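Pasted below: model_38.txt, compact mmCIF, C-alpha atoms.
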# COMPACT_ATOMS: atom_id res chain seq x y z
CA MET A 1 201.31 40.01 175.59
CA SER A 2 198.21 39.03 177.49
CA TYR A 3 199.03 41.25 180.45
CA GLY A 4 201.71 43.63 181.61
CA PHE A 5 202.91 46.96 180.31
CA ALA A 6 204.59 48.24 177.17
CA ALA A 7 205.27 51.77 176.02
CA ILE A 8 205.92 52.20 172.33
CA ASN A 9 207.71 55.29 171.07
CA THR A 10 206.79 57.32 168.03
CA SER A 11 209.00 55.12 165.86
CA GLY A 12 207.16 51.99 166.95
CA GLN A 13 209.95 50.84 169.26
CA THR A 14 209.24 49.35 172.66
CA ILE A 15 210.95 51.59 175.20
CA ILE A 16 209.33 50.37 178.43
CA SER A 17 208.39 46.77 179.00
CA ASP A 18 207.60 44.46 181.87
CA GLU A 19 209.91 41.87 180.31
CA MET A 20 213.09 43.82 179.53
CA GLU A 21 214.93 46.19 181.82
CA ASN A 22 215.74 49.83 181.23
CA LEU A 23 218.96 51.33 182.53
CA HIS A 24 218.67 54.00 185.21
CA PHE A 25 220.95 56.71 186.54
CA LEU A 26 222.83 55.50 189.60
CA GLY A 27 224.99 58.59 190.05
CA LYS A 28 228.33 60.08 189.14
CA ALA A 29 231.44 58.18 190.15
CA THR A 30 233.71 59.93 192.65
CA LEU A 31 237.07 61.15 191.37
CA THR A 32 239.66 59.85 193.83
CA GLY A 33 242.89 60.97 192.17
CA ASN A 34 245.18 60.90 189.19
CA ASP A 35 248.67 59.69 188.44
CA GLY A 36 250.08 63.16 187.72
CA GLY A 37 250.27 62.75 183.97
CA ASN A 38 253.15 61.42 181.93
CA TYR A 39 254.62 60.56 178.54
CA GLY A 40 254.33 63.94 176.88
CA ASP A 41 257.66 62.90 175.38
CA PHE A 42 260.08 59.98 175.40
CA PRO A 43 261.79 59.60 178.79
CA GLY A 44 265.52 60.22 178.50
CA TYR A 45 265.44 61.40 174.91
CA GLY A 46 265.53 64.98 173.61
CA GLY A 47 266.03 64.85 169.86
CA ALA A 48 263.76 64.94 166.84
CA ASN A 49 260.22 63.54 167.13
CA ASP A 50 260.43 63.50 170.90
CA THR A 51 256.90 64.80 171.41
CA LEU A 52 254.04 62.45 172.28
CA ASP A 53 250.39 63.23 173.00
CA GLY A 54 250.83 62.41 176.68
CA ARG A 55 248.22 61.04 179.02
CA VAL A 56 246.74 61.23 182.51
CA ILE A 57 245.08 58.37 184.37
CA PHE A 58 242.13 59.50 186.48
CA THR A 59 240.70 57.07 189.03
CA TYR A 60 237.07 56.93 190.15
CA THR A 61 234.93 54.78 192.42
CA ILE A 62 231.22 54.18 192.84
CA THR A 63 229.12 51.76 194.88
CA ALA A 64 226.86 49.52 192.80
CA THR A 65 225.29 46.15 193.42
CA ALA A 66 225.46 45.33 189.70
CA PRO A 67 228.12 46.16 187.08
CA PRO A 68 227.30 49.70 185.94
CA LEU A 69 227.23 50.92 182.37
CA VAL A 70 229.57 53.91 182.54
CA PHE A 71 229.46 56.99 180.34
CA ILE A 72 232.32 59.46 180.03
CA LYS A 73 231.31 63.13 179.93
CA PRO A 74 234.41 65.08 178.86
CA SER A 75 235.17 68.37 180.55
CA ASP A 76 237.51 69.17 177.67
CA TYR A 77 236.14 67.85 174.38
CA ASN A 78 239.52 68.29 172.68
CA ARG A 79 240.90 65.43 174.75
CA TRP A 80 240.56 61.72 174.00
CA HIS A 81 239.20 59.48 176.75
CA ALA A 82 238.47 55.84 177.55
CA ILE A 83 238.01 53.54 180.50
CA ILE A 84 241.08 51.33 180.39
CA THR A 85 240.59 49.30 183.57
CA GLN A 86 237.68 48.48 185.78
CA SER A 87 237.60 46.27 188.85
CA ASN A 88 235.43 45.66 191.84
CA SER A 89 235.78 44.71 195.46
CA GLY A 90 232.35 43.72 196.64
CA SER A 91 230.03 46.52 195.60
CA THR A 92 232.81 49.10 195.20
CA TRP A 93 233.71 49.61 191.56
CA THR A 94 236.93 51.32 190.51
CA PHE A 95 237.55 52.79 187.07
CA ASP A 96 240.78 54.07 185.55
CA VAL A 97 240.15 56.57 182.77
CA ILE A 98 242.87 57.61 180.36
CA ALA A 99 242.77 61.18 179.02
CA SER A 100 245.13 62.50 176.37
CA GLY A 101 247.44 65.36 177.31
CA THR A 102 249.36 65.75 180.55
CA SER A 103 247.15 68.29 182.31
CA THR A 104 245.55 66.95 185.47
CA SER A 105 242.84 69.60 185.19
CA ASP A 106 239.52 69.05 183.43
CA ALA A 107 238.95 65.51 184.62
CA PRO A 108 235.95 63.98 182.86
CA GLU A 109 232.82 63.01 184.75
CA LEU A 110 231.60 59.41 184.86
CA TYR A 111 227.84 58.88 184.73
CA CYS A 112 226.87 55.38 185.89
CA PHE A 113 223.71 53.48 184.99
CA VAL A 114 222.32 50.20 186.29
CA ASN A 115 219.13 48.21 185.88
CA ALA A 116 216.11 49.47 187.81
CA ASN A 117 216.25 46.76 190.40
CA SER A 118 219.78 47.81 191.40
CA THR A 119 218.64 51.33 192.32
CA SER A 120 217.44 52.31 195.77
CA GLY A 121 217.07 55.17 198.17
CA THR A 122 214.58 57.48 196.57
CA THR A 123 211.80 58.94 198.63
CA SER A 124 209.96 60.32 195.63
CA THR A 125 206.28 59.50 195.53
CA HIS A 126 205.77 60.52 191.91
CA GLY A 127 206.48 58.58 188.77
CA LEU A 128 205.91 55.30 187.01
CA VAL A 129 207.22 51.91 188.13
CA VAL A 130 206.91 48.76 186.03
CA TRP A 131 207.50 45.31 187.47
CA LYS A 132 208.21 41.98 185.87
CA PRO A 133 205.50 39.33 186.09
CA ASP A 134 207.18 38.09 189.29
CA GLY A 135 205.84 41.22 190.96
CA THR A 136 209.11 42.06 192.70
CA THR A 137 211.65 42.89 190.01
CA ARG A 138 211.45 46.42 188.65
CA THR A 139 212.13 46.87 184.94
CA PHE A 140 211.44 50.60 184.85
CA ASP A 141 211.36 53.25 187.54
CA SER A 142 211.04 56.85 186.44
CA ARG A 143 212.19 58.07 189.86
CA TYR A 144 215.76 57.10 188.92
CA ASN A 145 216.08 58.89 185.57
CA PRO A 146 215.82 56.13 182.94
CA LEU A 147 218.51 56.25 180.28
CA ALA A 148 217.53 57.66 176.91
CA ILE A 149 220.16 57.43 174.20
CA SER A 150 220.79 59.66 171.22
CA ASP A 151 223.10 57.47 169.12
CA GLY A 152 224.76 54.09 169.10
CA GLY A 153 226.74 51.78 166.87
CA THR A 154 230.11 50.12 166.60
CA LEU A 155 233.55 51.63 166.05
CA ALA A 156 237.15 50.46 165.85
CA PRO A 157 240.25 52.61 165.57
CA PRO A 158 242.62 52.29 162.59
CA LEU A 159 245.32 49.63 162.84
CA ASP A 160 248.22 52.10 162.75
CA PRO A 161 248.20 54.39 165.81
CA THR A 162 251.05 56.62 164.65
CA ASP A 163 250.96 59.89 162.74
CA GLY A 164 254.23 58.99 160.99
CA SER A 165 254.03 57.48 157.52
CA GLY A 166 253.54 53.72 157.77
CA LEU A 167 254.31 51.59 160.75
CA PRO A 168 257.68 52.20 162.39
CA GLY A 169 260.23 49.42 162.06
CA ASN A 170 263.87 48.44 162.24
CA THR A 171 266.60 49.75 159.98
CA SER A 172 270.34 49.12 159.95
CA GLY A 173 273.21 50.85 158.24
CA HIS A 174 273.14 53.97 160.35
CA SER A 175 276.34 55.51 161.58
CA TRP A 176 277.66 54.37 164.94
CA ASN A 177 275.80 55.97 167.89
CA TYR A 178 273.15 57.41 165.59
CA ALA A 179 270.05 58.13 167.67
CA THR A 180 267.69 60.51 165.90
CA ASN A 181 264.07 59.37 165.80
CA ASP A 182 262.52 59.81 162.36
CA HIS A 183 258.98 58.58 163.17
CA ASP A 184 256.13 60.67 164.57
CA PHE A 185 254.55 58.56 167.32
CA ARG A 186 251.71 60.97 168.04
CA SER A 187 248.16 59.90 167.17
CA THR A 188 246.35 63.15 166.44
CA THR A 189 245.41 62.19 162.87
CA ARG A 190 244.77 58.50 163.44
CA TYR A 191 241.06 57.83 164.00
CA THR A 192 237.86 56.59 162.43
CA SER A 193 234.57 58.43 162.76
CA SER A 194 230.86 57.84 163.04
CA ALA A 195 228.22 60.56 162.69
CA VAL A 196 226.30 61.60 165.81
CA THR A 197 223.44 63.99 166.43
CA GLY A 198 222.89 66.56 169.14
CA THR A 199 224.92 69.34 170.70
CA TYR A 200 228.20 67.57 171.21
CA SER A 201 229.22 69.60 174.25
CA ALA A 202 226.28 68.06 176.15
CA LEU A 203 226.94 64.48 175.09
CA MET A 204 228.54 61.59 176.90
CA PHE A 205 229.62 58.21 175.60
CA ALA A 206 229.91 54.63 176.82
CA ALA A 207 232.62 52.95 174.77
CA PRO A 208 235.01 50.45 176.33
CA SER A 209 238.65 50.49 175.27
CA LEU A 210 239.62 47.09 173.94
CA ALA A 211 242.20 47.69 171.22
CA GLN A 212 245.79 48.26 172.24
CA ALA A 213 249.02 48.50 170.33
CA THR A 214 252.75 48.64 170.82
CA TYR A 215 255.17 49.87 168.16
CA LYS A 216 258.85 50.68 168.07
CA ARG A 217 261.42 52.41 165.89
CA GLN A 218 264.83 50.80 166.04
CA MET A 219 268.05 51.99 164.42
CA GLU A 220 271.18 49.89 164.22
CA GLY A 221 274.45 51.83 163.94
CA TYR A 222 277.83 50.49 162.88
CA LYS A 223 281.40 51.67 162.38
CA LYS A 224 284.58 49.81 161.54
CA SER A 225 287.81 51.51 162.60
CA THR A 226 291.00 50.50 160.79
CA TRP A 227 294.47 51.59 161.71
CA CYS A 228 298.05 50.82 160.85
CA CYS A 229 300.01 49.07 163.57
CA ALA A 230 303.39 49.23 161.80
CA SER A 231 304.65 51.21 158.86
CA CYS A 232 307.87 51.77 156.95
CA CYS A 233 308.74 54.25 154.27
CA GLY A 234 305.17 55.47 154.06
CA HIS A 235 303.72 52.03 153.67
CA CYS A 236 301.56 50.22 156.16
CA LEU A 237 303.09 46.88 157.04
CA CYS A 238 300.45 45.76 159.49
CA SER A 239 296.86 46.87 159.93
CA SER A 240 294.16 46.12 162.46
CA SER A 241 290.50 46.95 162.85
CA GLN A 242 287.81 47.23 165.43
CA GLU A 243 284.01 47.06 164.99
CA HIS A 244 281.53 49.29 166.82
CA TRP A 245 277.79 48.74 167.16
CA SER A 246 274.93 50.83 168.53
CA THR A 247 271.20 50.39 168.90
CA ALA A 248 268.67 53.17 169.49
CA MET A 249 265.06 52.21 170.12
CA TRP A 250 261.90 54.21 170.79
CA TRP A 251 258.71 52.36 171.74
CA VAL A 252 255.17 53.44 172.57
CA MET A 253 252.20 51.51 173.93
CA TYR A 254 248.75 52.81 173.00
CA ARG A 255 245.18 52.29 174.14
CA ASN A 256 242.07 52.87 172.08
CA THR A 257 240.44 56.17 173.10
CA PHE A 258 237.46 58.19 171.93
CA ARG A 259 236.55 61.79 171.22
CA LEU A 260 233.26 63.59 170.72
CA ARG A 261 233.26 66.59 168.39
CA SER A 262 230.67 68.44 166.39
CA GLY A 263 228.78 65.84 164.37
CA TYR A 264 231.10 62.91 165.05
CA MET A 265 232.29 60.27 167.45
CA ASP A 266 235.94 59.35 166.81
CA ALA A 267 237.79 56.15 167.73
CA GLY A 268 241.52 56.76 167.93
CA TRP A 269 244.56 56.21 170.08
CA THR A 270 246.37 57.69 173.06
CA ASN A 271 249.83 56.69 174.19
CA TYR A 272 249.66 54.85 177.52
CA ALA A 273 253.39 54.31 178.05
CA ALA A 274 256.64 54.96 176.20
CA GLY A 275 260.32 54.24 176.48
CA TYR A 276 263.68 54.94 174.92
CA SER A 277 266.78 52.82 175.03
CA PHE A 278 270.25 53.28 173.64
CA SER A 279 273.23 51.01 173.80
CA SER A 280 276.67 51.23 172.27
CA SER A 281 279.42 48.65 172.26
CA HIS A 282 282.64 47.79 170.48
CA GLU A 283 284.87 44.88 169.75
CA GLY A 284 287.25 44.18 172.63
CA GLY A 285 291.00 44.74 172.54
CA GLY A 286 291.09 47.62 170.10
CA TRP A 287 292.70 50.98 170.47
CA PHE A 288 289.65 52.97 169.44
CA GLY A 289 287.30 51.93 172.17
CA GLY A 290 284.88 54.28 173.81
CA GLY A 291 281.39 52.93 173.55
CA GLY A 292 278.55 55.42 173.73
CA GLY A 293 277.25 53.92 176.92
CA SER A 294 273.73 52.71 177.48
CA TYR A 295 270.37 54.02 178.64
CA SER A 296 266.97 52.42 178.99
CA SER A 297 263.60 53.64 180.28
CA GLY A 298 260.90 51.07 180.85
CA SER A 299 260.44 47.88 178.95
CA MET A 300 258.32 47.28 175.88
CA PRO A 301 255.39 45.13 177.05
CA TYR A 302 255.21 42.94 173.94
CA THR A 303 256.43 42.71 170.40
CA ALA A 304 255.21 45.34 167.96
CA LYS A 305 251.60 44.80 166.92
CA THR A 306 247.99 45.94 167.29
CA ILE A 307 245.66 43.60 169.16
CA ASN A 308 241.93 43.46 169.91
CA LEU A 309 241.19 45.51 166.81
CA THR A 310 237.52 44.71 166.74
CA SER A 311 234.45 46.90 166.50
CA ASN A 312 233.00 47.43 169.93
CA ALA A 313 229.57 48.82 170.71
CA TYR A 314 229.23 52.43 171.79
CA ILE A 315 226.25 54.41 173.08
CA ILE A 316 225.83 58.18 173.26
CA ALA A 317 223.42 60.08 175.48
CA ASP A 318 222.64 63.63 176.56
CA ALA A 319 224.31 64.18 179.94
CA THR A 320 222.21 67.21 180.80
CA ARG A 321 219.26 64.96 181.62
CA TYR A 322 221.12 63.37 184.52
CA GLY A 323 222.76 64.44 187.73
CA MET B 1 203.27 65.88 171.60
CA SER B 2 199.69 65.07 170.64
CA TYR B 3 199.83 61.43 171.76
CA GLY B 4 202.11 59.13 173.71
CA LEU B 5 203.31 58.91 177.29
CA ASN B 6 205.11 61.53 179.37
CA VAL B 7 206.42 60.60 182.81
CA TYR B 8 207.18 63.57 185.02
CA LYS B 9 209.47 63.93 188.02
CA ALA B 10 208.20 65.09 191.38
CA ASP B 11 209.37 68.63 190.56
CA GLY B 12 207.17 68.66 187.47
CA SER B 13 209.99 68.35 184.97
CA LEU B 14 209.80 65.75 182.23
CA GLY B 15 211.70 62.60 183.14
CA PHE B 16 210.89 60.22 180.32
CA SER B 17 208.75 60.20 177.24
CA THR B 18 207.71 58.05 174.33
CA LEU B 19 209.72 60.48 172.23
CA ASP B 20 212.83 58.89 173.78
CA ILE B 21 214.97 56.15 172.32
CA VAL B 22 216.44 53.49 174.55
CA TRP B 23 218.60 50.41 174.57
CA MET B 24 217.12 47.83 176.93
CA GLN B 25 219.49 45.90 179.15
CA ILE B 26 218.88 42.23 178.43
CA ASP B 27 221.68 40.68 180.43
CA GLN B 28 225.09 41.21 181.92
CA PHE B 29 227.50 38.45 182.73
CA THR B 30 231.14 37.84 183.44
CA VAL B 31 233.19 35.52 181.25
CA ALA B 32 236.24 34.08 182.95
CA ALA B 33 239.64 34.13 181.29
CA ASN B 34 239.90 31.61 178.45
CA ALA B 35 236.27 30.53 178.92
CA SER B 36 233.46 30.23 176.38
CA VAL B 37 229.82 31.20 176.94
CA ALA B 38 226.74 31.23 174.71
CA ASN B 39 223.46 32.70 175.92
CA THR B 40 220.16 32.87 174.04
CA TYR B 41 217.50 35.53 174.64
CA PRO B 42 214.21 34.60 172.93
CA GLU B 43 212.60 37.84 174.12
CA VAL B 44 214.76 39.94 171.76
CA SER B 45 213.62 38.17 168.62
CA GLY B 46 213.27 40.78 165.90
CA MET B 47 215.23 43.41 167.85
CA THR B 48 218.69 44.85 167.23
CA VAL B 49 221.13 43.37 169.72
CA ILE B 50 224.57 44.65 170.66
CA ALA B 51 227.02 43.25 173.17
CA GLN B 52 229.35 45.67 174.86
CA MET B 53 232.51 44.12 176.23
CA GLN B 54 234.78 45.54 178.92
CA MET B 55 237.91 43.89 180.23
CA ILE B 56 238.18 43.74 183.99
CA ASN B 57 241.32 43.64 186.06
CA ASP B 58 243.52 43.66 182.97
CA PRO B 59 247.09 44.86 183.49
CA PRO B 60 247.42 47.08 180.43
CA ALA B 61 251.09 48.00 180.78
CA SER B 62 252.65 44.63 181.31
CA GLN B 63 251.22 42.05 178.98
CA GLU B 64 249.25 41.29 175.85
CA ALA B 65 245.68 41.39 177.12
CA TYR B 66 243.57 39.66 174.50
CA ALA B 67 239.82 40.16 174.43
CA PRO B 68 237.65 37.20 173.45
CA GLU B 69 235.56 37.17 170.31
CA VAL B 70 231.92 38.19 170.73
CA ILE B 71 229.41 37.07 168.12
CA VAL B 72 225.80 38.22 168.08
CA SER B 73 223.73 35.94 165.87
CA GLY B 74 219.99 36.46 166.04
CA THR B 75 219.03 36.04 169.67
CA THR B 76 222.27 34.33 170.72
CA VAL B 77 225.37 36.03 172.11
CA SER B 78 228.50 33.88 172.03
CA VAL B 79 231.80 34.70 173.70
CA ALA B 80 234.96 32.63 173.18
CA PRO B 81 238.73 33.08 172.83
CA TYR B 82 239.99 33.58 169.31
CA THR B 83 241.58 30.51 167.80
CA SER B 84 245.02 29.84 169.32
CA LYS B 85 244.68 32.87 171.60
CA THR B 86 244.16 33.27 175.31
CA SER B 87 241.52 35.68 176.52
CA GLU B 88 241.12 37.97 179.52
CA GLN B 89 238.22 38.10 181.92
CA VAL B 90 235.48 40.35 180.57
CA ILE B 91 232.06 41.72 181.47
CA ILE B 92 229.49 41.45 178.68
CA MET B 93 226.51 43.78 178.67
CA VAL B 94 223.79 42.70 176.24
CA LEU B 95 221.57 45.52 175.03
CA ALA B 96 218.63 45.42 172.65
CA GLN B 97 216.65 47.98 170.71
CA ASP B 98 213.28 47.32 169.19
In structure tokens, write the structure found in this file.
Amino acid sequence: MSYGFAAINTSGQTIISDEMENLHFLGKATLTGNDGGNYGDFPGYGGANDTLDGRVIFTYTITATAPPLVFIKPSDYNRWHAIITQSNSGSTWTFDVIASGTSTSDAPELYCFVNANSTSGTTSTHGLVVWKPDGTTRTFDSRYNPLAISDGGTLAPPLDPTDGSGLPGNTSGHSWNYATNDHDFRSTTRYTSSAVTGTYSALMFAAPSLAQATYKRQMEGYKKSTWCCASCCGHCLCSSSQEHWSTAMWWVMYRNTFRLRSGYMDAGWTNYAAGYSFSSSHEGGGWFGGGGGSYSSGSMPYTAKTINLTSNAYIIADATRYG
Amino acid sequence: MSYGLNVYKADGSLGFSTLDIVWMQIDQFTVAANASVANTYPEVSGMTVIAQMQMINDPPASQEAYAPEVIVSGTTVSVAPYTSKTSEQVIIMVLAQD
């Protein structure tokens, strides 16, 4: 360049420039509530493989004149987290963060960063400010804690979000009214990893949740009842039959979530919603009626599949430098 | 350090240094549902570029919310729905590292 400012780090990388903008700490988003936690198990079901990881949705807001880059700083690093929804009304931004487990304690903190020109309010008279050649747009302003990152890359979770062997599916040939789930829908072992540096308990990550998945286990039950309607001398002269059917179905919807642990960033899954349905019916007019009834909780949002399974960019930074 | 730049806060603590590593924010833009966008950034020539995508206003519990495809090729970032798919509204944040 013929004029301007550039700071080059010890690796030869430009880290301050009058042409490109650094991100700066805007503040922590305000926790406004949570949904109470849910789906630690299948609603309405109490048999085998009932347990799910569970989740809580925490909601936050912050005022920003530009879309902020948001980092999640876990309070409990054993939990998986991700921003699953963000929206804005004017300059008020709202974020829904999913956390695995059903405890409403230990809400994560959200650290928000924006470009220098979207920061305001400091009265500090010390520091370094760099402007673009237009003389009015700030690209760097040390008074607002410029973002320094420790790691970055791309990650995608594995296709199968379930701990059970293989993807769950449909099977028939079960006995009538059979409703025992044989698939483990938890996600504790389903993740991919990328190495990170630094003391993990000080780190925070910016990693949007894009991938989502819905899977179900369905069991079809059947019974055919046959009886004798007239007999003579020990022989059946007339027989009749009646067919019985049942369907048991467990479904879970997942969102891509992330976890920081010693040496690694993991991309995995957390169940967002779940449901169980059971129905039992029989052929009309028979003597051996008595269907098993029906039950249904929620509705599966779409047919079983994983979507948006693409590597998305993540960034990791040391939270102790901010706030 | 024996050379470089340290920028201190008013309280005397170190705020930023040439020992730090950064990702510069090159651009951020919203792509409407089912729309296609391609933006070129000549200033990042020779740098590593990533595009972070976040869906906005997606209803995660009630429908298939498809993200568009994002391709970073040199200094151009392209966003478009996958073939035969719809796509949700997203915010794209373009970051670059020298």
Within 9 Å of chain A: each chain B residue with its shortest pair, all atoms listed in the file, as a tab-separated table:
residue	atom	partner	partner_atom	distance
B:Tyr3	CA	A:Thr10	CA	8.9
B:Gly4	CA	A:Asn9	CA	7.3
B:Leu5	CA	A:Ala7	CA	7.5
B:Val7	CA	A:Gly127	CA	6.3
B:Tyr8	CA	A:Gly127	CA	6.3
B:Lys9	CA	A:Gly127	CA	6.2
B:Ala10	CA	A:His126	CA	5.2
B:Asp11	CA	A:His126	CA	9.0
B:Gly15	CA	A:Asn145	CA	6.2
B:Phe16	CA	A:Pro146	CA	6.9
B:Ser17	CA	A:Asn9	CA	8.0
B:Thr18	CA	A:Asn9	CA	4.3
B:Leu19	CA	A:Asn9	CA	5.7
B:Asp20	CA	A:Ala148	CA	5.8
B:Ile21	CA	A:Ala148	CA	5.5
B:Val22	CA	A:Ala148	CA	4.9
B:Trp23	CA	A:Ile149	CA	7.2
B:Met24	CA	A:Asn22	CA	4.9
B:Gln25	CA	A:Glu21	CA	5.3
B:Ile26	CA	A:Met20	CA	6.1
B:Asp27	CA	A:Glu21	CA	8.8
B:Gln28	CA	A:Pro67	CA	7.8
B:Phe29	CA	A:Pro67	CA	8.9
B:Glu43	CA	A:Glu19	CA	7.9
B:Val44	CA	A:Met20	CA	8.8
B:Ile50	CA	A:Ala313	CA	6.5
B:Ala51	CA	A:Ala313	CA	6.6
B:Gln52	CA	A:Ala313	CA	5.2
B:Met53	CA	A:Pro208	CA	6.8
B:Gln54	CA	A:Pro208	CA	5.6
B:Met55	CA	A:Thr85	CA	6.9
B:Ile56	CA	A:Gln86	CA	5.1
B:Asn57	CA	A:Ser87	CA	5.3
B:Asp58	CA	A:Thr85	CA	6.4
B:Pro59	CA	A:Thr85	CA	7.9
B:Pro60	CA	A:Ile84	CA	7.6
B:Ala61	CA	A:Pro301	CA	6.4
B:Ser62	CA	A:Pro301	CA	5.1
B:Gln63	CA	A:Pro301	CA	5.5
B:Glu64	CA	A:Tyr302	CA	6.5
B:Ala65	CA	A:Ile307	CA	8.3
B:Tyr66	CA	A:Asn308	CA	6.2
B:Ala67	CA	A:Asn308	CA	6.0
B:Pro68	CA	A:Asn308	CA	8.4
B:Glu69	CA	A:Thr310	CA	8.6
B:Ile91	CA	A:Pro67	CA	8.2
B:Met93	CA	A:Leu69	CA	8.1
B:Ala96	CA	A:Met20	CA	9.0
B:Gln97	CA	A:Gln13	CA	7.4
B:Asp98	CA	A:Gln13	CA	4.8
Which protein, DNA or RNA residues are at most 12 Å from (242.3, 27.6, 179.3) in the file's coordinates when you count all atoms listed in the file, listed as a compact mmCIF listing (two decimals) with C-alpha atoms, in the frame of the given file?
# COMPACT_ATOMS: atom_id res chain seq x y z
CA ALA B 32 236.24 34.08 182.95
CA ALA B 33 239.64 34.13 181.29
CA ASN B 34 239.90 31.61 178.45
CA ALA B 35 236.27 30.53 178.92
CA SER B 36 233.46 30.23 176.38
CA ALA B 80 234.96 32.63 173.18
CA PRO B 81 238.73 33.08 172.83
CA TYR B 82 239.99 33.58 169.31
CA THR B 83 241.58 30.51 167.80
CA SER B 84 245.02 29.84 169.32
CA LYS B 85 244.68 32.87 171.60
CA THR B 86 244.16 33.27 175.31
CA SER B 87 241.52 35.68 176.52
CA GLU B 88 241.12 37.97 179.52
CA GLN B 89 238.22 38.10 181.92
Q.
So that I can see what lies close to Gln242 in chain A, please list as number ranges by chain the residues with an atom at most 7 Å from it, counting all atoms listed in the file and leaving out residues fewer than 4 positions away in the same chain.
A. A: 224-226, 283, 286
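Residues in contact with Val252 in chain A at 7 Å, where only C-alpha atoms are counted and same-chain residues fewer than 3 positions away are skipped, are listed as Thr214, Tyr215, Lys216, Asn271, Ala273, Ala274 and Gly275 of chain A.
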Q: Record the distance separating CA of Asp141 in chain A and CA of Phe113 in chain A, expressed in Å with one decimal.
A: 12.6 Å
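Computed from the coordinates, the CA of Thr30 in chain A to CA of Leu95 in chain B distance equals 25.8 Å.
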